[in-house]
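Notes for the one structure printed next.
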6 protein chains.
Amino acid sequence: MRISARNSIKGTIKSITKGPVNSEVVLDIGNGVLLTSVITTHAVENLGLKEGNTAWALIKSSEVMIAVD
Amino acid sequence: MRISARNSIKGTIKSITKGPVNSEVVLDIGNGVLLTSVITTHAVENLGLKEGNTAWALIKSSEVMIAVD
Amino acid sequence: MRISARNSIKGTIKSITKGPVNSEVVLDIGNGVLLTSVITTHAVENLGLKEGNTAWALIKSSEVMIAVD
Amino acid sequence: MRISARNSIKGTIKSITKGPVNSEVVLDIGNGVLLTSVITTHAVENLGLKEGNTAWALIKSSEVMIAVD
Amino acid sequence: MRISARNSIKGTIKSITKGPVNSEVVLDIGNGVLLTSVITTHAVENLGLKEGNTAWALIKSSEVMIAVD
Amino acid sequence: MRISARNSIKGTIKSITKGPVNSEVVLDIGNGVLLTSVITTHAVENLGLKEGNTAWALIKSSEVMIAVD
């Protein structure tokens with residue numbers, strides 16, 4: 001399957017915090033940069049996510065803002 | 001100003017494609033990884049974005065999906 | 001690849017309207033229901049989308065609102 | 001009231017999982033297709049949502065991705 | 001129709017910039033505050049939006065970030 | 001830091017409801033209008049948000065829908 005979302009960043013799952021509806025998944029994408037994702041707890045369970053696993057962050061381009069100094 | 005969006009990734013602006021309403025800004029975030037952002041053309045102009053500038057991609061955690069092989 | 005986005009709806013591409021940055025893709029998902037998607041024109045081209053093709057709409061759960069009468 | 005969001009899909013509420021802040025609402029939209037929505041628990045209560053009720057999923061076009069095989 | 005989106009802000013349409021796919025609609029919500037919305041040009045036409053009209057900005061709570069000094 | 005998000009609305013924090021992953025922050029933006037934001041509980045803690053504080057709601061233009069009567 002190929003998807004329209006333009007952004008895919010590879011990382012390692014550093015932590016998972018589960019709530020009753022949503023969970024926070026933190027990816028270490030290298031160079032000391034962490035990416036935080038909030039997805040449903042059902043998705044965490046269906047994908048079988050575990051700390052230490054390789055995973056990708058996927059982000060639709062329209063959700064990316066730009067900041068400058 | 002500090003903001004709630006958890007994700008901030010530094011990069012260099014590689015290209016800007018302007019449309020009448022939205023523009024596509026591509027950031028090179030290193031290691032051969034490109035991030036595509038779609039923001040308003042007004043924002044591109046107000047921030048004075050130019051190819052070669054340093055910029056940050058900002059992404060709210062609820063907009064980040066996770067994928068696995 | 002499996003992704004966290006919970007919603008996947010199969011359809012047929014009914015129309016594609018291309019702009020310089022974004023394109024509108026309309027999917028016919030059956031029973032007379034149309035789904036409109038706005039993605040980058042680069043994504044339309046990279047995926048090789050064409051009218052009549054089978055495609056899926058993918059939607060992160062946090063982007064789905066609920067309405068009642 | 002008429003709204004700009006292009007996508008409206010009718011269904012029946014199959015389940016509601018309430019958390020302290022967000023709730024997951026699953027709609028059965030027919031033909032065996034389920035749609036998952038995450039909205040605030042306050043919204044679930046203010047709308048009086050209950051399993052078995054008719055409801056619509058509303059989705060802004062810019063939130064719909066496209067996938068192909 | 002009642003919807004789950006928690007945020008509704010009344011204003012007057014100050015300007016509409018139409019592109020081939022998306023349009024920018026600027027609302028004056030009073031006290032010198034302007035709100036910018038990007039919706040499809042089809043939505044602008046279907047709703048018959050015109051400068052000077054009263055309209056509401058609707059925003060899902062999960063799309064609102066918080067910033068502090 | 002200047003960001004591409006076009007919408008910034010000043011208010012006073014009226015309430016914070018914390019969950020294990022997400023929190024709901026309600027801003028009073030004047031004239032009896034409340035804005036609800038859902039952000040991560042980590043963000044609430046990192047920003048040190050407290051009831052009565054001044055804060056800004058930030059919203060990307062592509063997340064703002066328009067409604068008319």
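Here's how to read the names in the structure tokens: chain A, B, ... by the order shown, residue numbers from 1 in each chain, ligand numbers from 1 in the order shown.
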
Using only C-alpha atoms, tabulate the residues of chain E lying at most 9 Å from any atom of chain F, each with its closest atom pair and that distance in Å to one decimal, by chain and increasing residue number, as a Markdown table.
```
| residue | atom | partner | partner_atom | distance |
| --- | --- | --- | --- | --- |
| E:Arg6 | CA | F:Thr36 | CA | 6.3 |
| E:Asn7 | CA | F:Leu35 | CA | 5.7 |
| E:Ser8 | CA | F:Leu35 | CA | 8.1 |
| E:Ile9 | CA | F:Val33 | CA | 7.6 |
| E:Glu24 | CA | F:Ser61 | CA | 8.4 |
| E:Val25 | CA | F:Ile66 | CA | 8.4 |
| E:Val33 | CA | F:Ile9 | CA | 7.6 |
| E:Leu34 | CA | F:Asn7 | CA | 7.6 |
| E:Leu35 | CA | F:Asn7 | CA | 5.7 |
| E:Thr36 | CA | F:Ser61 | CA | 5.4 |
| E:Ser37 | CA | F:Ser61 | CA | 4.6 |
| E:Val38 | CA | F:Ser62 | CA | 4.8 |
| E:Ile39 | CA | F:Met65 | CA | 6.7 |
| E:Ala43 | CA | F:Ile66 | CA | 8.8 |
| E:Val44 | CA | F:Ile66 | CA | 8.8 |
| E:Leu47 | CA | F:Val68 | CA | 7.3 |
| E:Leu49 | CA | F:Val68 | CA | 8.4 |
| E:Asn53 | CA | F:Val68 | CA | 8.7 |
| E:Thr54 | CA | F:Val68 | CA | 7.2 |
| E:Ala55 | CA | F:Val68 | CA | 5.0 |
| E:Trp56 | CA | F:Ala67 | CA | 5.0 |
| E:Ala57 | CA | F:Ile66 | CA | 4.8 |
| E:Leu58 | CA | F:Met65 | CA | 5.0 |
| E:Ile59 | CA | F:Val64 | CA | 5.3 |
| E:Lys60 | CA | F:Glu63 | CA | 7.8 |
| E:Ser61 | CA | F:Ser37 | CA | 4.6 |
| E:Ser62 | CA | F:Val38 | CA | 4.8 |
| E:Glu63 | CA | F:Glu63 | CA | 6.5 |
| E:Val64 | CA | F:Ser37 | CA | 4.9 |
| E:Met65 | CA | F:Leu58 | CA | 5.0 |
| E:Ile66 | CA | F:Ala57 | CA | 4.8 |
| E:Ala67 | CA | F:Trp56 | CA | 5.0 |
| E:Val68 | CA | F:Ala55 | CA | 5.0 |
| E:Asp69 | CA | F:Ala55 | CA | 7.6 |
```

Any chance you could list, as an mmCIF file with N, CA and C atoms, in the first residue's frame, the residues in chain E that come up strand (DSSP E or B) when DSSP is run on the backbone?
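See part02.cif below for the written result:
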```cif
data_model
loop_
_atom_site.group_PDB
_atom_site.id
_atom_site.type_symbol
_atom_site.label_atom_id
_atom_site.label_comp_id
_atom_site.auth_asym_id
_atom_site.auth_seq_id
_atom_site.Cartn_x
_atom_site.Cartn_y
_atom_site.Cartn_z
ATOM 1 N N ARG E 2 -26.542 19.307 15.249
ATOM 2 C CA ARG E 2 -25.591 19.711 16.284
ATOM 3 C C ARG E 2 -24.320 18.895 16.078
ATOM 4 N N ILE E 3 -23.156 19.515 16.244
ATOM 5 C CA ILE E 3 -21.924 18.786 15.965
ATOM 6 C C ILE E 3 -20.988 18.790 17.167
ATOM 7 N N ASN E 7 -15.820 24.347 19.243
ATOM 8 C CA ASN E 7 -15.520 25.759 19.085
ATOM 9 C C ASN E 7 -16.234 26.388 17.902
ATOM 10 N N SER E 8 -16.963 27.420 18.181
ATOM 11 C CA SER E 8 -17.753 28.133 17.192
ATOM 12 C C SER E 8 -17.601 29.618 17.494
ATOM 13 N N ILE E 9 -17.070 30.363 16.530
ATOM 14 C CA ILE E 9 -16.817 31.788 16.743
ATOM 15 C C ILE E 9 -17.474 32.569 15.614
ATOM 16 N N LYS E 10 -18.338 33.490 15.996
ATOM 17 C CA LYS E 10 -19.095 34.268 15.015
ATOM 18 C C LYS E 10 -18.272 35.418 14.464
ATOM 19 N N GLY E 11 -18.434 35.702 13.169
ATOM 20 C CA GLY E 11 -17.710 36.816 12.585
ATOM 21 C C GLY E 11 -18.361 37.278 11.297
ATOM 22 N N THR E 12 -17.674 38.194 10.636
ATOM 23 C CA THR E 12 -18.115 38.735 9.355
ATOM 24 C C THR E 12 -17.022 38.445 8.334
ATOM 25 N N ILE E 13 -17.410 37.972 7.163
ATOM 26 C CA ILE E 13 -16.408 37.640 6.144
ATOM 27 C C ILE E 13 -15.784 38.926 5.604
ATOM 28 N N LYS E 14 -14.478 39.043 5.783
ATOM 29 C CA LYS E 14 -13.754 40.250 5.384
ATOM 30 C C LYS E 14 -13.171 40.089 3.981
ATOM 31 N N SER E 15 -12.713 38.882 3.645
ATOM 32 C CA SER E 15 -12.168 38.677 2.301
ATOM 33 C C SER E 15 -12.207 37.195 1.944
ATOM 34 N N ILE E 16 -12.273 36.937 0.647
ATOM 35 C CA ILE E 16 -12.230 35.572 0.109
ATOM 36 C C ILE E 16 -11.230 35.575 -1.049
ATOM 37 N N THR E 17 -10.223 34.715 -0.966
ATOM 38 C CA THR E 17 -9.251 34.562 -2.058
ATOM 39 C C THR E 17 -9.432 33.161 -2.627
ATOM 40 N N LYS E 18 -9.861 33.088 -3.878
ATOM 41 C CA LYS E 18 -10.159 31.778 -4.466
ATOM 42 C C LYS E 18 -8.989 31.225 -5.271
ATOM 43 N N ASN E 22 -8.392 25.241 -3.294
ATOM 44 C CA ASN E 22 -8.689 25.802 -1.978
ATOM 45 C C ASN E 22 -8.912 27.303 -2.061
ATOM 46 N N SER E 23 -9.627 27.807 -1.083
ATOM 47 C CA SER E 23 -9.821 29.250 -0.955
ATOM 48 C C SER E 23 -9.506 29.653 0.476
ATOM 49 N N GLU E 24 -9.055 30.902 0.612
ATOM 50 C CA GLU E 24 -8.790 31.451 1.929
ATOM 51 C C GLU E 24 -9.933 32.393 2.284
ATOM 52 N N VAL E 25 -10.538 32.148 3.429
ATOM 53 C CA VAL E 25 -11.635 32.985 3.900
ATOM 54 C C VAL E 25 -11.190 33.641 5.195
ATOM 55 N N VAL E 26 -11.208 34.980 5.225
ATOM 56 C CA VAL E 26 -10.811 35.694 6.436
ATOM 57 C C VAL E 26 -12.057 36.240 7.123
ATOM 58 N N LEU E 27 -12.207 35.880 8.399
ATOM 59 C CA LEU E 27 -13.332 36.346 9.225
ATOM 60 C C LEU E 27 -12.843 37.416 10.186
ATOM 61 N N ASP E 28 -13.609 38.471 10.312
ATOM 62 C CA ASP E 28 -13.370 39.479 11.346
ATOM 63 C C ASP E 28 -14.246 39.078 12.526
ATOM 64 N N LEU E 34 -8.667 38.843 13.471
ATOM 65 C CA LEU E 34 -9.036 38.184 12.219
ATOM 66 C C LEU E 34 -8.746 36.691 12.346
ATOM 67 N N LEU E 35 -9.612 35.869 11.778
ATOM 68 C CA LEU E 35 -9.394 34.413 11.740
ATOM 69 C C LEU E 35 -9.299 33.992 10.283
ATOM 70 N N THR E 36 -8.264 33.245 9.947
ATOM 71 C CA THR E 36 -8.094 32.776 8.571
ATOM 72 C C THR E 36 -8.475 31.299 8.476
ATOM 73 N N SER E 37 -9.261 30.981 7.485
ATOM 74 C CA SER E 37 -9.706 29.612 7.232
ATOM 75 C C SER E 37 -9.336 29.220 5.811
ATOM 76 N N VAL E 38 -8.884 28.007 5.626
ATOM 77 C CA VAL E 38 -8.678 27.496 4.272
ATOM 78 C C VAL E 38 -9.625 26.321 4.060
ATOM 79 N N ILE E 39 -10.541 26.485 3.125
ATOM 80 C CA ILE E 39 -11.531 25.453 2.809
ATOM 81 C C ILE E 39 -11.524 25.241 1.296
ATOM 82 N N THR E 40 -12.234 24.248 0.809
ATOM 83 C CA THR E 40 -12.240 24.048 -0.636
ATOM 84 C C THR E 40 -13.043 25.162 -1.324
ATOM 85 N N THR E 54 -22.371 37.188 7.488
ATOM 86 C CA THR E 54 -22.100 36.626 8.814
ATOM 87 C C THR E 54 -21.758 35.142 8.649
ATOM 88 N N ALA E 55 -20.771 34.680 9.361
ATOM 89 C CA ALA E 55 -20.396 33.259 9.292
ATOM 90 C C ALA E 55 -19.757 32.872 10.612
ATOM 91 N N TRP E 56 -19.627 31.583 10.823
ATOM 92 C CA TRP E 56 -19.003 31.058 12.025
ATOM 93 C C TRP E 56 -17.753 30.252 11.652
ATOM 94 N N ALA E 57 -16.719 30.425 12.425
ATOM 95 C CA ALA E 57 -15.563 29.539 12.326
ATOM 96 C C ALA E 57 -15.837 28.367 13.251
ATOM 97 N N LEU E 58 -15.661 27.151 12.750
ATOM 98 C CA LEU E 58 -15.834 25.940 13.574
ATOM 99 C C LEU E 58 -14.485 25.234 13.659
ATOM 100 N N ILE E 59 -14.111 24.861 14.876
ATOM 101 C CA ILE E 59 -12.787 24.253 15.051
ATOM 102 C C ILE E 59 -12.881 23.091 16.032
ATOM 103 N N MET E 65 -3.966 24.525 19.537
ATOM 104 C CA MET E 65 -2.756 24.502 20.363
ATOM 105 C C MET E 65 -2.801 25.645 21.373
ATOM 106 N N ILE E 66 -1.959 25.557 22.387
ATOM 107 C CA ILE E 66 -1.869 26.611 23.400
ATOM 108 C C ILE E 66 -0.438 27.158 23.399
ATOM 109 N N ALA E 67 -0.331 28.477 23.473
ATOM 110 C CA ALA E 67 0.989 29.111 23.586
ATOM 111 C C ALA E 67 1.001 30.049 24.785
ATOM 112 N N VAL E 68 2.166 30.171 25.402
ATOM 113 C CA VAL E 68 2.326 31.141 26.497
ATOM 114 C C VAL E 68 3.608 31.945 26.255
#
```

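Residue neighbourhood of Gly19 of chain A, excluding near-sequence residues (fewer than 5 positions): Thr41 of chain A; Pro20 and Val21 of chain F, at 7 Å, using only C-alpha atoms.
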
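All residues of chain D that DSSP, run on the backbone, classes as helix (DSSP H, G or I) are D:Thr41, D:His42, D:Ala43, D:Val44, D:Glu45, D:Asn46, D:Leu47, D:Ser61, D:Ser62, D:Glu63.
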
message: Would you compute the distance between atom CA of Gly32 of chain D and atom CA of Met1 of chain E? Give it in Å to one decimal.
response: 25.8 Å

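Our summary of the geometry notes that atom CA of Asn46 of chain A is positioned 25.0 Å from atom CA of Ile29 of chain C.
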